[in-house]
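Asker: Handing over target.pdb, PDB, C-alpha atoms, pLDDT in the B column.
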ATOM      1  CA  MET A   1      20.127 -21.316  -2.601  1.00 91.00           C
ATOM      2  CA  ARG A   2      19.984 -20.239   1.039  1.00 92.00           C
ATOM      3  CA  LYS A   3      18.740 -16.767   0.067  1.00 91.00           C
ATOM      4  CA  VAL A   4      16.102 -18.255  -2.244  1.00 93.00           C
ATOM      5  CA  HIS A   5      14.814 -20.466   0.560  1.00 94.00           C
ATOM      6  CA  GLU A   6      14.842 -17.533   3.011  1.00 94.00           C
ATOM      7  CA  SER A   7      12.802 -15.465   0.565  1.00 94.00           C
ATOM      8  CA  ALA A   8      10.286 -18.237  -0.078  1.00 95.00           C
ATOM      9  CA  ASP A   9      10.029 -19.149   3.615  1.00 96.00           C
ATOM     10  CA  THR A  10       9.436 -15.514   4.590  1.00 96.00           C
ATOM     11  CA  ALA A  11       6.663 -15.121   2.010  1.00 97.00           C
ATOM     12  CA  ILE A  12       5.008 -18.418   2.956  1.00 97.00           C
ATOM     13  CA  LYS A  13       5.069 -17.548   6.658  1.00 97.00           C
ATOM     14  CA  PHE A  14       3.627 -14.105   5.896  1.00 97.00           C
ATOM     15  CA  PHE A  15       0.793 -15.340   3.666  1.00 97.00           C
ATOM     16  CA  ASP A  16      -0.090 -18.168   6.046  1.00 97.00           C
ATOM     17  CA  GLN A  17      -0.574 -15.532   8.740  1.00 97.00           C
ATOM     18  CA  TYR A  18      -2.474 -12.957   6.652  1.00 98.00           C
ATOM     19  CA  ALA A  19      -4.449 -14.963   4.048  1.00 97.00           C
ATOM     20  CA  GLU A  20      -7.886 -14.387   5.584  1.00 98.00           C
ATOM     21  CA  GLN A  21      -7.219 -10.719   6.317  1.00 98.00           C
ATOM     22  CA  LEU A  22      -5.976 -10.220   2.751  1.00 98.00           C
ATOM     23  CA  ASP A  23      -9.151 -11.760   1.351  1.00 98.00           C
ATOM     24  CA  ARG A  24     -11.307  -9.443   3.497  1.00 98.00           C
ATOM     25  CA  LEU A  25      -9.260  -6.405   2.457  1.00 98.00           C
ATOM     26  CA  ALA A  26      -9.665  -7.296  -1.222  1.00 98.00           C
ATOM     27  CA  ALA A  27     -13.443  -7.481  -0.773  1.00 98.00           C
ATOM     28  CA  HIS A  28     -13.444  -4.123   1.023  1.00 98.00           C
ATOM     29  CA  MET A  29     -11.313  -2.502  -1.691  1.00 98.00           C
ATOM     30  CA  ALA A  30     -13.502  -3.934  -4.465  1.00 98.00           C
ATOM     31  CA  SER A  31     -16.530  -2.428  -2.771  1.00 98.00           C
ATOM     32  CA  ALA A  32     -14.794   0.953  -2.394  1.00 98.00           C
ATOM     33  CA  PHE A  33     -13.663   0.995  -6.030  1.00 98.00           C
ATOM     34  CA  SER A  34     -17.204   0.036  -7.119  1.00 98.00           C
ATOM     35  CA  ALA A  35     -18.531   3.022  -5.180  1.00 98.00           C
ATOM     36  CA  GLY A  36     -16.182   5.355  -7.099  1.00 98.00           C
ATOM     37  CA  HIS A  37     -13.456   5.702  -4.483  1.00 98.00           C
ATOM     38  CA  ARG A  38      -9.694   5.888  -5.112  1.00 98.00           C
ATOM     39  CA  LEU A  39      -6.551   4.411  -3.659  1.00 98.00           C
ATOM     40  CA  PHE A  40      -3.629   6.686  -2.723  1.00 98.00           C
ATOM     41  CA  THR A  41      -0.185   5.149  -2.202  1.00 98.00           C
ATOM     42  CA  LEU A  42       2.739   6.507  -0.197  1.00 98.00           C
ATOM     43  CA  GLY A  43       6.262   5.401   0.656  1.00 98.00           C
ATOM     44  CA  ASN A  44       9.907   6.473   0.803  1.00 97.00           C
ATOM     45  CA  GLY A  45      12.949   5.208  -1.104  1.00 96.00           C
ATOM     46  CA  GLY A  46      12.461   1.640  -2.299  1.00 95.00           C
ATOM     47  CA  SER A  47       9.009   1.690  -0.732  1.00 97.00           C
ATOM     48  CA  ALA A  48       8.171   4.755  -2.877  1.00 96.00           C
ATOM     49  CA  CYS A  49       8.991   2.550  -5.853  1.00 97.00           C
ATOM     50  CA  ASP A  50       6.626  -0.090  -4.450  1.00 96.00           C
ATOM     51  CA  ALA A  51       3.917   2.550  -3.966  1.00 97.00           C
ATOM     52  CA  GLU A  52       4.319   3.589  -7.599  1.00 97.00           C
ATOM     53  CA  HIS A  53       4.348  -0.052  -8.719  1.00 96.00           C
ATOM     54  CA  ILE A  54       0.997  -0.573  -6.980  1.00 96.00           C
ATOM     55  CA  SER A  55      -0.424   2.419  -8.863  1.00 97.00           C
ATOM     56  CA  VAL A  56       0.782   1.107 -12.204  1.00 96.00           C
ATOM     57  CA  GLU A  57      -0.797  -2.292 -11.558  1.00 95.00           C
ATOM     58  CA  PHE A  58      -4.184  -0.786 -10.657  1.00 96.00           C
ATOM     59  CA  MET A  59      -4.199   1.994 -13.279  1.00 96.00           C
ATOM     60  CA  HIS A  60      -2.811  -0.035 -16.182  1.00 94.00           C
ATOM     61  CA  PRO A  61      -3.703  -3.723 -15.834  1.00 85.00           C
ATOM     62  CA  ILE A  62      -1.548  -5.990 -17.961  1.00 81.00           C
ATOM     63  CA  PHE A  63      -4.537  -8.179 -18.810  1.00 74.00           C
ATOM     64  CA  GLU A  64      -7.008  -6.751 -21.285  1.00 71.00           C
ATOM     65  CA  LYS A  65      -9.988  -8.222 -19.442  1.00 78.00           C
ATOM     66  CA  ARG A  66      -9.138  -6.315 -16.254  1.00 89.00           C
ATOM     67  CA  LYS A  67     -10.402  -2.774 -15.891  1.00 93.00           C
ATOM     68  CA  PRO A  68      -8.194   0.048 -14.628  1.00 96.00           C
ATOM     69  CA  LEU A  69      -8.912   1.268 -11.113  1.00 98.00           C
ATOM     70  CA  PRO A  70      -8.051   4.740  -9.766  1.00 98.00           C
ATOM     71  CA  CYS A  71      -4.805   4.606  -7.817  1.00 98.00           C
ATOM     72  CA  ILE A  72      -2.708   7.708  -7.252  1.00 98.00           C
ATOM     73  CA  PRO A  73       0.885   7.622  -5.982  1.00 98.00           C
ATOM     74  CA  LEU A  74       1.748  10.575  -3.752  1.00 98.00           C
ATOM     75  CA  THR A  75       5.453  10.031  -4.403  1.00 97.00           C
ATOM     76  CA  THR A  76       5.914  11.222  -7.977  1.00 95.00           C
ATOM     77  CA  GLN A  77       5.743  15.017  -8.072  1.00 93.00           C
ATOM     78  CA  SER A  78       9.281  16.100  -7.197  1.00 94.00           C
ATOM     79  CA  ALA A  79       8.520  19.828  -7.340  1.00 96.00           C
ATOM     80  CA  LEU A  80       5.556  19.452  -5.001  1.00 95.00           C
ATOM     81  CA  LEU A  81       7.413  17.098  -2.643  1.00 93.00           C
ATOM     82  CA  SER A  82      10.378  19.457  -2.402  1.00 95.00           C
ATOM     83  CA  ALA A  83       8.125  22.518  -1.941  1.00 95.00           C
ATOM     84  CA  LEU A  84       6.149  20.858   0.845  1.00 94.00           C
ATOM     85  CA  SER A  85       9.372  19.636   2.452  1.00 93.00           C
ATOM     86  CA  ASN A  86      10.923  23.084   2.257  1.00 94.00           C
ATOM     87  CA  ASP A  87       7.910  25.153   3.281  1.00 94.00           C
ATOM     88  CA  LEU A  88       6.327  22.796   5.803  1.00 91.00           C
ATOM     89  CA  ASP A  89       8.377  19.767   6.797  1.00 93.00           C
ATOM     90  CA  PHE A  90       9.205  16.485   5.074  1.00 95.00           C
ATOM     91  CA  SER A  91       7.032  14.722   7.635  1.00 96.00           C
ATOM     92  CA  ALA A  92       4.008  16.560   6.169  1.00 97.00           C
ATOM     93  CA  VAL A  93       4.426  15.671   2.466  1.00 97.00           C
ATOM     94  CA  PHE A  94       1.795  12.932   2.374  1.00 98.00           C
ATOM     95  CA  ALA A  95      -0.656  14.411   4.874  1.00 98.00           C
ATOM     96  CA  ALA A  96      -0.709  17.714   2.958  1.00 97.00           C
ATOM     97  CA  GLN A  97      -1.491  15.955  -0.318  1.00 98.00           C
ATOM     98  CA  LEU A  98      -4.188  13.752   1.190  1.00 98.00           C
ATOM     99  CA  SER A  99      -5.862  16.763   2.799  1.00 98.00           C
ATOM    100  CA  GLN A 100      -6.301  18.303  -0.668  1.00 97.00           C
ATOM    101  CA  LEU A 101      -6.934  15.251  -2.841  1.00 98.00           C
ATOM    102  CA  ALA A 102      -8.683  12.567  -0.802  1.00 98.00           C
ATOM    103  CA  GLY A 103     -12.251  12.243   0.359  1.00 98.00           C
ATOM    104  CA  ARG A 104     -14.212  10.079   2.751  1.00 98.00           C
ATOM    105  CA  GLY A 105     -14.360   6.500   1.506  1.00 98.00           C
ATOM    106  CA  ASP A 106     -11.080   6.672  -0.421  1.00 98.00           C
ATOM    107  CA  MET A 107      -8.170   4.436   0.637  1.00 99.00           C
ATOM    108  CA  ALA A 108      -4.568   5.173   1.636  1.00 98.00           C
ATOM    109  CA  LEU A 109      -1.812   2.559   1.487  1.00 98.00           C
ATOM    110  CA  ALA A 110       1.493   3.265   3.259  1.00 98.00           C
ATOM    111  CA  VAL A 111       4.465   1.055   2.335  1.00 98.00           C
ATOM    112  CA  SER A 112       7.548   0.862   4.572  1.00 98.00           C
ATOM    113  CA  THR A 113      10.093  -1.812   5.391  1.00 97.00           C
ATOM    114  CA  SER A 114      10.694  -0.383   8.885  1.00 96.00           C
ATOM    115  CA  GLY A 115       7.364   1.286   9.641  1.00 96.00           C
ATOM    116  CA  MET A 116       9.260   4.164  11.233  1.00 97.00           C
ATOM    117  CA  SER A 117       8.769   7.027   8.734  1.00 97.00           C
ATOM    118  CA  SER A 118       7.156  10.078  10.292  1.00 97.00           C
ATOM    119  CA  ASN A 119       5.661  11.190   6.964  1.00 98.00           C
ATOM    120  CA  LEU A 120       3.825   7.854   6.678  1.00 98.00           C
ATOM    121  CA  VAL A 121       2.622   8.107  10.276  1.00 98.00           C
ATOM    122  CA  LYS A 122       1.293  11.631   9.652  1.00 98.00           C
ATOM    123  CA  GLY A 123      -0.132  10.543   6.298  1.00 98.00           C
ATOM    124  CA  LEU A 124      -2.141   7.736   7.895  1.00 98.00           C
ATOM    125  CA  GLN A 125      -3.264  10.036  10.708  1.00 98.00           C
ATOM    126  CA  GLU A 126      -4.561  12.546   8.150  1.00 98.00           C
ATOM    127  CA  ALA A 127      -6.181   9.756   6.150  1.00 98.00           C
ATOM    128  CA  ARG A 128      -8.057   8.526   9.212  1.00 98.00           C
ATOM    129  CA  LYS A 129      -9.123  12.096  10.043  1.00 98.00           C
ATOM    130  CA  ILE A 130     -10.617  12.479   6.548  1.00 98.00           C
ATOM    131  CA  GLY A 131     -12.349   9.088   6.711  1.00 98.00           C
ATOM    132  CA  LEU A 132     -10.179   6.981   4.434  1.00 98.00           C
ATOM    133  CA  THR A 133      -9.638   3.267   4.799  1.00 98.00           C
ATOM    134  CA  THR A 134      -6.012   2.926   5.880  1.00 98.00           C
ATOM    135  CA  ILE A 135      -3.672   0.100   4.902  1.00 98.00           C
ATOM    136  CA  ALA A 136      -0.053  -0.445   5.955  1.00 98.00           C
ATOM    137  CA  PHE A 137       2.534  -2.779   4.443  1.00 98.00           C
ATOM    138  CA  SER A 138       5.539  -2.940   6.772  1.00 98.00           C
ATOM    139  CA  GLY A 139       8.151  -5.323   8.107  1.00 97.00           C
ATOM    140  CA  LYS A 140      10.177  -6.159  11.185  1.00 96.00           C
ATOM    141  CA  ASP A 141       7.788  -5.466  14.087  1.00 96.00           C
ATOM    142  CA  GLY A 142       5.709  -2.900  12.161  1.00 97.00           C
ATOM    143  CA  GLY A 143       7.503   0.047  13.757  1.00 97.00           C
ATOM    144  CA  ARG A 144       5.427   3.144  14.391  1.00 97.00           C
ATOM    145  CA  LEU A 145       2.901   2.059  11.756  1.00 97.00           C
ATOM    146  CA  SER A 146       1.917  -1.029  13.733  1.00 96.00           C
ATOM    147  CA  GLY A 147      -1.702  -0.675  14.795  1.00 95.00           C
ATOM    148  CA  MET A 148      -2.163   2.658  12.978  1.00 96.00           C
ATOM    149  CA  ALA A 149      -4.008   1.268   9.974  1.00 98.00           C
ATOM    150  CA  ASP A 150      -7.355  -0.427   9.572  1.00 98.00           C
ATOM    151  CA  TRP A 151      -5.487  -3.149   7.656  1.00 98.00           C
ATOM    152  CA  ASP A 152      -1.997  -3.926   8.936  1.00 97.00           C
ATOM    153  CA  PHE A 153       0.328  -6.342   7.087  1.00 98.00           C
ATOM    154  CA  ILE A 154       3.709  -6.896   8.760  1.00 98.00           C
ATOM    155  CA  VAL A 155       6.287  -9.118   7.049  1.00 98.00           C
ATOM    156  CA  PRO A 156       8.000 -11.141   9.824  1.00 93.00           C
ATOM    157  CA  SER A 157      11.602 -10.378   8.880  1.00 96.00           C
ATOM    158  CA  TYR A 158      14.383  -7.946   9.712  1.00 95.00           C
ATOM    159  CA  SER A 159      15.883  -8.230   6.216  1.00 96.00           C
ATOM    160  CA  ILE A 160      14.929  -5.306   3.991  1.00 96.00           C
ATOM    161  CA  HIS A 161      15.239  -7.537   0.933  1.00 96.00           C
ATOM    162  CA  ARG A 162      12.933 -10.258   2.299  1.00 97.00           C
ATOM    163  CA  ILE A 163      10.409  -7.597   3.345  1.00 97.00           C
ATOM    164  CA  GLN A 164      10.438  -5.926  -0.083  1.00 97.00           C
ATOM    165  CA  GLU A 165      10.152  -9.285  -1.857  1.00 97.00           C
ATOM    166  CA  SER A 166       7.088 -10.166   0.211  1.00 98.00           C
ATOM    167  CA  HIS A 167       5.603  -6.702  -0.382  1.00 98.00           C
ATOM    168  CA  THR A 168       5.930  -7.248  -4.133  1.00 97.00           C
ATOM    169  CA  ILE A 169       4.104 -10.565  -3.923  1.00 97.00           C
ATOM    170  CA  LEU A 170       1.526  -8.953  -1.635  1.00 97.00           C
ATOM    171  CA  LEU A 171       0.772  -6.123  -4.055  1.00 97.00           C
ATOM    172  CA  HIS A 172       0.349  -8.550  -6.963  1.00 96.00           C
ATOM    173  CA  VAL A 173      -1.887 -10.913  -4.993  1.00 97.00           C
ATOM    174  CA  LEU A 174      -3.966  -8.001  -3.648  1.00 97.00           C
ATOM    175  CA  TRP A 175      -4.391  -6.557  -7.146  1.00 96.00           C
ATOM    176  CA  ASP A 176      -5.532  -9.933  -8.448  1.00 95.00           C
ATOM    177  CA  LEU A 177      -7.926 -10.582  -5.556  1.00 97.00           C
ATOM    178  CA  VAL A 178      -9.550  -7.149  -5.898  1.00 97.00           C
ATOM    179  CA  HIS A 179     -10.338  -7.862  -9.543  1.00 96.00           C
ATOM    180  CA  ILE A 180     -11.721 -11.304  -8.707  1.00 96.00           C
ATOM    181  CA  LYS A 181     -13.898  -9.725  -5.984  1.00 97.00           C
ATOM    182  CA  LEU A 182     -15.152  -7.308  -8.632  1.00 97.00           C
ATOM    183  CA  GLY A 183     -16.442 -10.345 -10.519  1.00 94.00           C
ATOM    184  CA  GLU A 184     -13.721 -10.445 -13.119  1.00 91.00           C
ATOM    185  CA  GLU A 185     -12.347 -13.697 -14.446  1.00 85.00           C
ATOM    186  CA  ASP A 186      -9.625 -15.425 -12.454  1.00 85.00           C
ATOM    187  CA  ILE A 187      -7.177 -15.444 -15.360  1.00 74.00           C
ATOM    188  CA  VAL A 188      -3.802 -15.467 -13.641  1.00 59.00           C
TER     189      VAL A 188
END
Can the structure from this file be put into structure tokens for me?
Answerer:
Amino acid sequence: MRKVHESADTAIKFFDQYAEQLDRLAAHMASAFSAGHRLFTLGNGGSACDAEHISVEFMHPIFEKRKPLPCIPLTTQSALLSALSNDLDFSAVFAAQLSQLAGRGDMALAVSTSGMSSNLVKGLQEARKIGLTTIAFSGKDGGRLSGMADWDFIVPSYSIHRIQESHTILLHVLWDLVHIKLGEEDIV
């Protein structure tokens, strides 16, 4: 039970701290989606899985009354990722994709438990250069991502598991709030 309480306590502490900011981000994202913009997600390892999970939620809502919203994971094309890593540098894999795919007004969401990944740092730098709204989900003290994004969400824990658990709740709550801000029924 100790681990269950740690998980719940971490999430409660996080959402108490970021509730208002999360509500404002959801409104901003709803406005961007309404204007035809897209969300790009990026991450490494388990956080790549979270980035892909976010895309699935937005692109294929599990509730029939919710419309799909354009969300593109930059983590899924193994041939492209390995080519960019080989020919450029692994730290450039997300920045290179954003430079070709994204446009002003789109959004980029970087997910990292440590906030230390150079490819996420360079990805957010490129996103800002293009004119994207930047969002970071991180943990610990935010690492190198801290302060780099327009919207910064740092889970106050040094446990990778507690951080990832809170990120999963965060992505589900954000998805739900965006749809509510779009005027859709609050059905969950």
Asker: So which one's closest to A:Arg24, A:Ala79, A:Asp150, A:Met1, A:Lys67? Using all atoms listed in the file, please.
Answerer: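 Closest residue, counting all atoms listed in the file: A:Asp150.
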Asker: Find the residues around stretch 37-45 of chain A up to 9 Å (only C-alpha atoms counted), leave out those fewer than 5 positions away in its own chain, and share them as a VMD selection string.
Answerer: chain A and resid 29 31 to 32 50 to 52 54 to 55 69 to 75 94 98 102 to 112 117 119 to 120 123
Asker: Could the residues in this selection be saved with C-alpha atoms as a PDB file, in the frame of the given file?
Answerer:
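Contents of again-v3.pdb, freshly written:
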ATOM      1  CA  MET A  29     -11.313  -2.502  -1.691  1.00 98.00           C
ATOM      2  CA  SER A  31     -16.530  -2.428  -2.771  1.00 98.00           C
ATOM      3  CA  ALA A  32     -14.794   0.953  -2.394  1.00 98.00           C
ATOM      4  CA  ASP A  50       6.626  -0.090  -4.450  1.00 96.00           C
ATOM      5  CA  ALA A  51       3.917   2.550  -3.966  1.00 97.00           C
ATOM      6  CA  GLU A  52       4.319   3.589  -7.599  1.00 97.00           C
ATOM      7  CA  ILE A  54       0.997  -0.573  -6.980  1.00 96.00           C
ATOM      8  CA  SER A  55      -0.424   2.419  -8.863  1.00 97.00           C
ATOM      9  CA  LEU A  69      -8.912   1.268 -11.113  1.00 98.00           C
ATOM     10  CA  PRO A  70      -8.051   4.740  -9.766  1.00 98.00           C
ATOM     11  CA  CYS A  71      -4.805   4.606  -7.817  1.00 98.00           C
ATOM     12  CA  ILE A  72      -2.708   7.708  -7.252  1.00 98.00           C
ATOM     13  CA  PRO A  73       0.885   7.622  -5.982  1.00 98.00           C
ATOM     14  CA  LEU A  74       1.748  10.575  -3.752  1.00 98.00           C
ATOM     15  CA  THR A  75       5.453  10.031  -4.403  1.00 97.00           C
ATOM     16  CA  PHE A  94       1.795  12.932   2.374  1.00 98.00           C
ATOM     17  CA  LEU A  98      -4.188  13.752   1.190  1.00 98.00           C
ATOM     18  CA  ALA A 102      -8.683  12.567  -0.802  1.00 98.00           C
ATOM     19  CA  GLY A 103     -12.251  12.243   0.359  1.00 98.00           C
ATOM     20  CA  ARG A 104     -14.212  10.079   2.751  1.00 98.00           C
ATOM     21  CA  GLY A 105     -14.360   6.500   1.506  1.00 98.00           C
ATOM     22  CA  ASP A 106     -11.080   6.672  -0.421  1.00 98.00           C
ATOM     23  CA  MET A 107      -8.170   4.436   0.637  1.00 99.00           C
ATOM     24  CA  ALA A 108      -4.568   5.173   1.636  1.00 98.00           C
ATOM     25  CA  LEU A 109      -1.812   2.559   1.487  1.00 98.00           C
ATOM     26  CA  ALA A 110       1.493   3.265   3.259  1.00 98.00           C
ATOM     27  CA  VAL A 111       4.465   1.055   2.335  1.00 98.00           C
ATOM     28  CA  SER A 112       7.548   0.862   4.572  1.00 98.00           C
ATOM     29  CA  SER A 117       8.769   7.027   8.734  1.00 97.00           C
ATOM     30  CA  ASN A 119       5.661  11.190   6.964  1.00 98.00           C
ATOM     31  CA  LEU A 120       3.825   7.854   6.678  1.00 98.00           C
ATOM     32  CA  GLY A 123      -0.132  10.543   6.298  1.00 98.00           C
TER      33      GLY A 123
END
Asker: What residues come out when you apply the PyMOL selection byres ((chain A and resi 23) around 12) to this file, written as an mmCIF file with C-alpha atoms, in the frame of the given file?
Answerer:
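To be explicit, this is the file written out as result25.cif:
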data_model
loop_
_atom_site.group_PDB
_atom_site.id
_atom_site.type_symbol
_atom_site.label_atom_id
_atom_site.label_comp_id
_atom_site.auth_asym_id
_atom_site.auth_seq_id
_atom_site.Cartn_x
_atom_site.Cartn_y
_atom_site.Cartn_z
ATOM 1 C CA PHE A 15 0.793 -15.340 3.666
ATOM 2 C CA GLN A 17 -0.574 -15.532 8.740
ATOM 3 C CA TYR A 18 -2.474 -12.957 6.652
ATOM 4 C CA ALA A 19 -4.449 -14.963 4.048
ATOM 5 C CA GLU A 20 -7.886 -14.387 5.584
ATOM 6 C CA GLN A 21 -7.219 -10.719 6.317
ATOM 7 C CA LEU A 22 -5.976 -10.220 2.751
ATOM 8 C CA ARG A 24 -11.307 -9.443 3.497
ATOM 9 C CA LEU A 25 -9.260 -6.405 2.457
ATOM 10 C CA ALA A 26 -9.665 -7.296 -1.222
ATOM 11 C CA ALA A 27 -13.443 -7.481 -0.773
ATOM 12 C CA HIS A 28 -13.444 -4.123 1.023
ATOM 13 C CA MET A 29 -11.313 -2.502 -1.691
ATOM 14 C CA ALA A 30 -13.502 -3.934 -4.465
ATOM 15 C CA TRP A 151 -5.487 -3.149 7.656
ATOM 16 C CA LEU A 170 1.526 -8.953 -1.635
ATOM 17 C CA VAL A 173 -1.887 -10.913 -4.993
ATOM 18 C CA LEU A 174 -3.966 -8.001 -3.648
ATOM 19 C CA TRP A 175 -4.391 -6.557 -7.146
ATOM 20 C CA ASP A 176 -5.532 -9.933 -8.448
ATOM 21 C CA LEU A 177 -7.926 -10.582 -5.556
ATOM 22 C CA VAL A 178 -9.550 -7.149 -5.898
ATOM 23 C CA HIS A 179 -10.338 -7.862 -9.543
ATOM 24 C CA ILE A 180 -11.721 -11.304 -8.707
ATOM 25 C CA LYS A 181 -13.898 -9.725 -5.984
#
Asker: Given the file above and the PyMOL selection byres ((chain A and resi 153) around 8), which residues are selected, and can you give them as a ChimeraX atom specification?
Answerer: /A:18,135-139,151-152,154-155
Asker: Return the padded bounding box of stretch 124-130 of chain A as lines of an AutoDock Vina configuration file: axis-aligned, built from all atoms listed in the file, 4 Å added on each side, with centre and edge lengths in Å to one decimal.
Answerer:
center_x = -6.4
center_y = 10.1
center_z = 8.4
size_x = 16.5
size_y = 12.8
size_z = 12.6
Asker: To test your reading of the syntax: which residues would the PyMOL selection byres ((chain A and resi 127) around 8) return for the file shown? Reply as a list of chain:residue names.
Answerer: A:Ala95, A:Leu98, A:Ser99, A:Ala102, A:Met107, A:Ala108, A:Gly123, A:Leu124, A:Gln125, A:Glu126, A:Arg128, A:Lys129, A:Ile130, A:Gly131, A:Leu132, A:Thr133, A:Thr134
Asker: One decimal, Å: what's the distance from atom CA of A:Lys3 over to atom CA of A:Tyr158, could you say?
Answerer: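 The value is 13.8 Å.
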Asker: Out of A:Ser166, A:Gly36, A:Gln97, A:Phe58, which residue has the shortest atom-to-atom distance to A:Ser85 when counting all atoms listed in the file?
Answerer: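 Answer, going by the shortest atom-to-atom distance: A:Gln97.
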Asker: How many Å lie between atom CA of A:Ala92 and atom CA of A:Cys49, rounded to one decimal?
Answerer: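 That distance, rounded to one decimal, is 19.1 Å.
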Asker: In Å to one decimal, how far is atom CA of A:Met59 from atom CA of A:Ile187?
Answerer: 17.8 Å
Asker: Counting all atoms listed in the file, figure out which residue out of A:Ala149, A:Val56, A:Leu84, A:Met116 gets nearest to A:His172.
Answerer: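 Among the listed residues, A:Val56 lies closest to A:His172.
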